[in-house]
file upload-v4.txt (compact mmCIF, C-alpha atoms)
# COMPACT_ATOMS: atom_id res chain seq x y z
CA MET A 96 -6.06 46.95 37.44
CA VAL A 97 -9.10 48.06 35.45
CA ASN A 98 -9.34 47.37 31.74
CA ARG A 99 -10.41 50.67 30.19
CA PRO A 100 -11.94 50.88 26.71
CA ALA A 101 -9.79 52.48 24.04
CA PRO A 102 -10.60 56.11 23.27
CA GLY A 103 -12.43 56.91 20.04
CA LEU A 104 -10.22 56.94 16.96
CA ALA A 105 -9.73 60.43 15.54
CA LEU A 106 -10.18 60.24 11.76
CA ARG A 107 -8.11 62.48 9.53
CA GLU A 108 -9.85 65.19 7.55
CA GLY A 109 -11.77 63.75 4.61
CA ASP A 110 -11.14 60.11 5.58
CA ARG A 111 -14.66 59.36 6.78
CA GLY A 112 -16.05 59.68 3.26
CA ASP A 113 -13.27 57.49 1.85
CA LEU A 114 -13.79 54.83 4.51
CA GLU A 115 -17.56 54.82 4.05
CA GLY A 116 -17.05 54.51 0.29
CA LEU A 117 -14.82 51.48 0.84
CA VAL A 118 -17.39 49.86 3.12
CA ARG A 119 -20.13 50.36 0.50
CA SER A 120 -17.93 49.33 -2.43
CA ARG A 121 -18.78 46.16 -4.30
CA SER A 122 -15.40 45.93 -5.99
CA ALA A 123 -13.07 46.48 -3.01
CA ARG A 124 -11.33 43.46 -1.52
CA ALA A 125 -13.05 41.96 1.51
CA GLY A 126 -10.03 42.49 3.78
CA LEU A 127 -9.85 46.18 2.92
CA VAL A 128 -13.60 46.57 3.54
CA ARG A 129 -13.24 44.92 6.95
CA ARG A 130 -10.35 47.21 7.89
CA ALA A 131 -12.31 50.30 6.82
CA ARG A 132 -15.27 49.10 8.90
CA ILE A 133 -12.96 48.62 11.92
CA ALA A 134 -11.65 52.19 11.54
CA LEU A 135 -15.17 53.63 11.25
CA LEU A 136 -16.46 51.72 14.28
CA ALA A 137 -13.40 52.82 16.26
CA ALA A 138 -14.09 56.43 15.26
CA ASP A 139 -17.64 56.05 16.54
CA GLY A 140 -16.21 55.25 19.99
CA LEU A 141 -17.05 51.54 20.25
CA SER A 142 -14.87 49.30 22.40
CA ASN A 143 -12.36 47.01 20.74
CA THR A 144 -14.32 43.97 21.90
CA GLU A 145 -17.54 45.28 20.35
CA ILE A 146 -15.75 46.19 17.12
CA ALA A 147 -14.26 42.68 16.96
CA ARG A 148 -17.72 41.16 17.41
CA ARG A 149 -19.31 43.34 14.70
CA ALA A 150 -16.44 43.03 12.22
CA GLY A 151 -15.95 39.30 12.72
CA ALA A 152 -12.33 39.71 13.76
CA SER A 153 -10.26 39.11 16.86
CA ARG A 154 -9.65 41.86 19.39
CA THR A 155 -5.94 41.72 18.57
CA THR A 156 -6.72 42.36 14.90
CA VAL A 157 -8.84 45.37 15.82
CA VAL A 158 -6.05 46.84 17.95
CA GLU A 159 -3.52 46.27 15.14
CA TRP A 160 -5.63 48.00 12.47
CA ARG A 161 -6.50 50.91 14.79
CA ASP A 162 -2.81 51.51 15.40
CA ARG A 163 -1.97 51.17 11.73
CA TYR A 164 -4.65 53.70 10.75
CA GLN A 165 -3.35 56.15 13.37
CA ARG A 166 0.17 55.88 11.96
CA LEU A 167 -0.52 55.78 8.20
CA GLY A 168 -4.11 56.85 7.58
CA VAL A 169 -6.31 55.21 4.93
CA ASP A 170 -3.21 54.08 2.99
CA GLY A 171 -2.21 52.03 6.01
CA LEU A 172 -5.29 49.85 5.57
CA GLU A 173 -3.95 48.49 2.27
CA ASP A 174 -2.16 45.14 2.22
CA ALA A 175 1.53 45.41 3.00
CA ALA A 176 4.13 43.71 0.82
CA ARG A 177 4.33 40.03 1.63
CA PRO A 178 7.57 38.30 2.45
CA GLY A 179 8.96 35.77 0.05
CA ARG A 180 11.36 35.33 -2.78
CA PRO A 181 11.12 38.16 -5.29
CA ARG A 182 10.36 37.42 -8.92
CA LYS A 183 13.38 36.60 -11.02
CA VAL A 184 11.55 37.36 -14.27
CA ASP A 185 10.17 40.79 -14.97
CA HIS A 186 6.64 40.52 -16.39
CA ALA A 187 6.98 43.99 -17.88
CA ALA A 188 9.91 42.79 -20.00
CA ILE A 189 7.82 39.90 -21.31
CA VAL A 190 4.94 42.23 -22.14
CA THR A 191 7.28 44.68 -23.86
CA ALA A 192 8.77 41.88 -25.95
CA THR A 193 5.27 40.64 -26.80
CA LEU A 194 4.14 44.04 -28.03
CA THR A 195 7.12 44.48 -30.35
CA PRO A 196 6.60 42.74 -33.70
CA PRO A 197 8.56 39.54 -34.27
CA PRO A 198 11.46 39.66 -36.74
CA LYS A 199 10.56 39.04 -40.37
CA SER A 200 13.01 36.12 -40.44
CA LEU A 201 10.59 34.13 -38.26
CA GLY A 202 7.83 34.50 -40.86
CA VAL A 203 5.04 35.08 -38.33
CA THR A 204 2.66 37.95 -37.69
CA HIS A 205 2.60 37.73 -33.89
CA TRP A 206 4.44 36.08 -31.04
CA SER A 207 3.43 32.64 -29.86
CA THR A 208 4.27 31.32 -26.43
CA ARG A 209 6.89 28.96 -27.83
CA LEU A 210 8.58 31.59 -30.01
CA LEU A 211 8.76 34.10 -27.18
CA THR A 212 9.97 31.39 -24.79
CA ALA A 213 12.85 30.56 -27.13
CA ARG A 214 13.67 34.24 -27.65
CA LEU A 215 13.64 35.26 -23.95
CA GLY A 216 14.92 32.04 -22.40
CA VAL A 217 12.06 31.66 -19.92
CA SER A 218 9.48 28.91 -19.53
CA ALA A 219 6.21 28.81 -21.43
CA ALA A 220 4.36 28.95 -18.10
CA THR A 221 6.15 32.20 -17.23
CA VAL A 222 5.14 33.79 -20.56
CA ALA A 223 1.56 32.56 -20.15
CA ARG A 224 1.45 33.90 -16.57
CA ALA A 225 2.63 37.34 -17.70
CA TRP A 226 0.13 37.43 -20.56
CA ARG A 227 -2.67 36.45 -18.20
CA ALA A 228 -1.66 39.06 -15.62
CA TYR A 229 -1.75 41.86 -18.19
CA GLY A 230 -4.68 40.52 -20.25
CA ILE A 231 -2.63 40.14 -23.43
CA LYS A 232 -3.81 37.78 -26.16
CA PRO A 233 -1.53 38.20 -29.18
CA TRP A 234 -3.48 35.60 -31.17
CA ARG A 235 -6.69 37.66 -30.84
CA GLU A 236 -5.44 40.92 -32.28
CA GLN A 237 -8.29 43.16 -33.47
CA SER A 238 -6.45 44.57 -36.47
CA PHE A 239 -5.72 42.67 -39.65
CA ARG A 240 -2.14 41.53 -40.03
CA PHE A 241 -0.55 40.85 -43.38
CA SER A 242 1.38 37.63 -43.70
CA THR A 243 5.11 37.87 -44.21
CA ASP A 244 5.12 34.70 -46.34
CA PRO A 245 6.21 35.67 -49.89
CA GLU A 246 4.60 32.55 -51.36
CA LEU A 247 1.19 33.11 -49.76
CA VAL A 248 -0.59 34.07 -52.97
CA GLN A 249 0.62 30.95 -54.78
CA GLY A 250 -0.23 28.71 -51.82
CA VAL A 251 -3.75 30.15 -51.52
CA GLY A 252 -4.14 29.87 -55.29
CA ARG A 253 -3.34 26.16 -55.19
CA VAL A 254 -5.78 25.54 -52.33
CA VAL A 255 -8.60 27.60 -53.81
CA GLY A 256 -7.96 26.46 -57.38
CA TRP A 257 -6.89 29.73 -58.96
CA VAL A 258 -4.64 29.77 -61.92
CA VAL A 259 -1.67 31.86 -60.82
CA GLY A 260 0.52 33.65 -63.30
CA CYS A 261 -1.95 33.88 -66.22
call {"tool": "encode", "arguments": {"input": "upload-v4.txt", "output": "C-alpha cells"}}
result
Amino acid sequence: MVNRPAPGLALREGDRGDLEGLVRSRSARAGLVRRARIALLAADGLSNTEIARRAGASRTTVVEWRDRYQRLGVDGLEDAARPGRPRKVDHAAIVTATLTPPPKSLGVTHWSTRLLTARLGVSAATVARAWRAYGIKPWREQSFRFSTDPELVQGVGRVVGWVVGC
C-alpha cells in the first residue's frame, strides 16, 4: 500500500487574505497563527509531513487542523470551548453591581472589594478576578465624587483649623 500525499487544501473565497493577515499579526495568539500557517501551507499543496516540519507540529496535528478548516473554515481555527466545570459566579453580574452606585446608607462613594463581597455573597478573590478580567478599578475613577458624609465640612474644618459656624 502506497502512502499518497494529501491533495492541496481548497481555501474558501476570501480566506487567503484573512489567513495571511493572521500569520503576519503581532497580536494574534501563537496557536491561531500556527493553525493559519498550516492551512496556508496545505493550500499551497505541501505534504502533511513537510507542513508539520515547517510549522513545528506533529503530522497528526496537521491532519486535524486541515480537516477542521475544511469543515468550518477560518472560524474552525479558533480555540474550541474547553471541558471543565462551568463558572458558578457570573462575572457580568459582579461588574453590573460594581457600576451601580452603592446605597447612601453605606456612606461611601464607590464599591470596595469587601463591601461588594458582603453584598453579593461571593469571595473577595472572585470580585477581584472579575474586576481584573474587565479592567475595572472603582478606586481610580476619573470623575470627582462628592462624599455622602453629612459631617464632612466640620471634620475637614477641625483638621485644617477652620472655624466652622462663624
call {"tool": "atom_distance", "arguments": {"input": "upload-v4.txt", "atom1": "CA of Pro198 in chain A", "atom2": "CA of Arg182 in chain A"}}
result
27.9 Å
call {"tool": "atom_distance", "arguments": {"input": "upload-v4.txt", "atom1": "CA of Ala123 in chain A", "atom2": "CA of Leu136 in chain A"}}
result
18.4 Å
call {"tool": "closest_residue", "arguments": {"input": "upload-v4.txt", "among": "A:Arg214, A:Ala188, A:Gly168, A:Pro197", "to": "Gly109 in chain A", "atoms": "all atoms listed in the file"}}
result
A:Gly168
call {"tool": "axis_aligned_box", "arguments": {"input": "upload-v4.txt", "around": "range 118-133 of chain A", "padding_each_side": "5 Å", "output": "AutoDock Vina command-line options"}}
result
--center_x -15.0 --center_y 46.2 --center_z 3.0 --size_x 20.3 --size_y 18.4 --size_z 27.9
call {"tool": "atom_distance", "arguments": {"input": "upload-v4.txt", "atom1": "CA of Leu135 in chain A", "atom2": "CA of Ala147 in chain A"}}
result
12.4 Å
call {"tool": "residues_around", "arguments": {"input": "upload-v4.txt", "residues": "Trp160 in chain A", "least_positions_apart": "6", "cutoff": "8 Å", "atoms": "all atoms listed in the file", "output": "list in words"}}
result
Arg130, Ile133, Ala134 and Leu172 of chain A
call {"tool": "closest_residue", "arguments": {"input": "upload-v4.txt", "among": "A:Val118, A:Leu104, A:Val190, A:Ala228", "to": "Leu215 in chain A", "atoms": "all atoms listed in the file"}}
result
A:Val190
call {"tool": "residues_near_point", "arguments": {"input": "upload-v4.txt", "point": "(-12.2, 49.7, 17.4)", "cutoff": "7 Å", "atoms": "only C-alpha atoms", "output": "VMD selection string"}}
result
chain A and resid 133 to 134 136 to 137 141 to 143 146 157 to 158 161
call {"tool": "closest_residue", "arguments": {"input": "upload-v4.txt", "among": "A:Val169, A:Ala152, A:Leu194, A:Val128", "to": "Asp113 in chain A", "atoms": "all atoms listed in the file"}}
result
A:Val169
call {"tool": "residues_around", "arguments": {"input": "upload-v4.txt", "residues": "Asp185 in chain A", "least_positions_apart": "2", "cutoff": "12 Å", "atoms": "only C-alpha atoms", "output": "list in words"}}
result
Pro181, Arg182, Lys183, Ala187, Ala188, Ile189, Val190, Thr191, Ala192, Leu215, Val217, Thr221, Val222, Arg224, Ala225, Trp226 and Ala228 of chain A
call {"tool": "closest_residue", "arguments": {"input": "upload-v4.txt", "among": "A:Arg209, A:Thr193, A:Arg111, A:Leu106", "to": "Ile231 in chain A", "atoms": "all atoms listed in the file"}}
result
A:Thr193
call {"tool": "residues_around", "arguments": {"input": "upload-v4.txt", "residues": "Pro196 in chain A", "least_positions_apart": "2", "cutoff": "12 Å", "atoms": "only C-alpha atoms", "output": "JSON, numbers by chain"}}
result
{"A": [190, 191, 192, 193, 194, 198, 199, 200, 201, 202, 203, 204, 205, 206, 207, 210, 211, 233, 240, 243]}
call {"tool": "closest_residue", "arguments": {"input": "upload-v4.txt", "among": "A:Ser122, A:Ala131, A:Thr208, A:Arg227", "to": "Gly171 in chain A", "atoms": "all atoms listed in the file"}}
result
A:Ala131
call {"tool": "closest_residue", "arguments": {"input": "upload-v4.txt", "among": "A:Gln165, A:Arg132, A:Ala220, A:Arg121", "to": "Arg149 in chain A", "atoms": "only C-alpha atoms"}}
result
A:Arg132
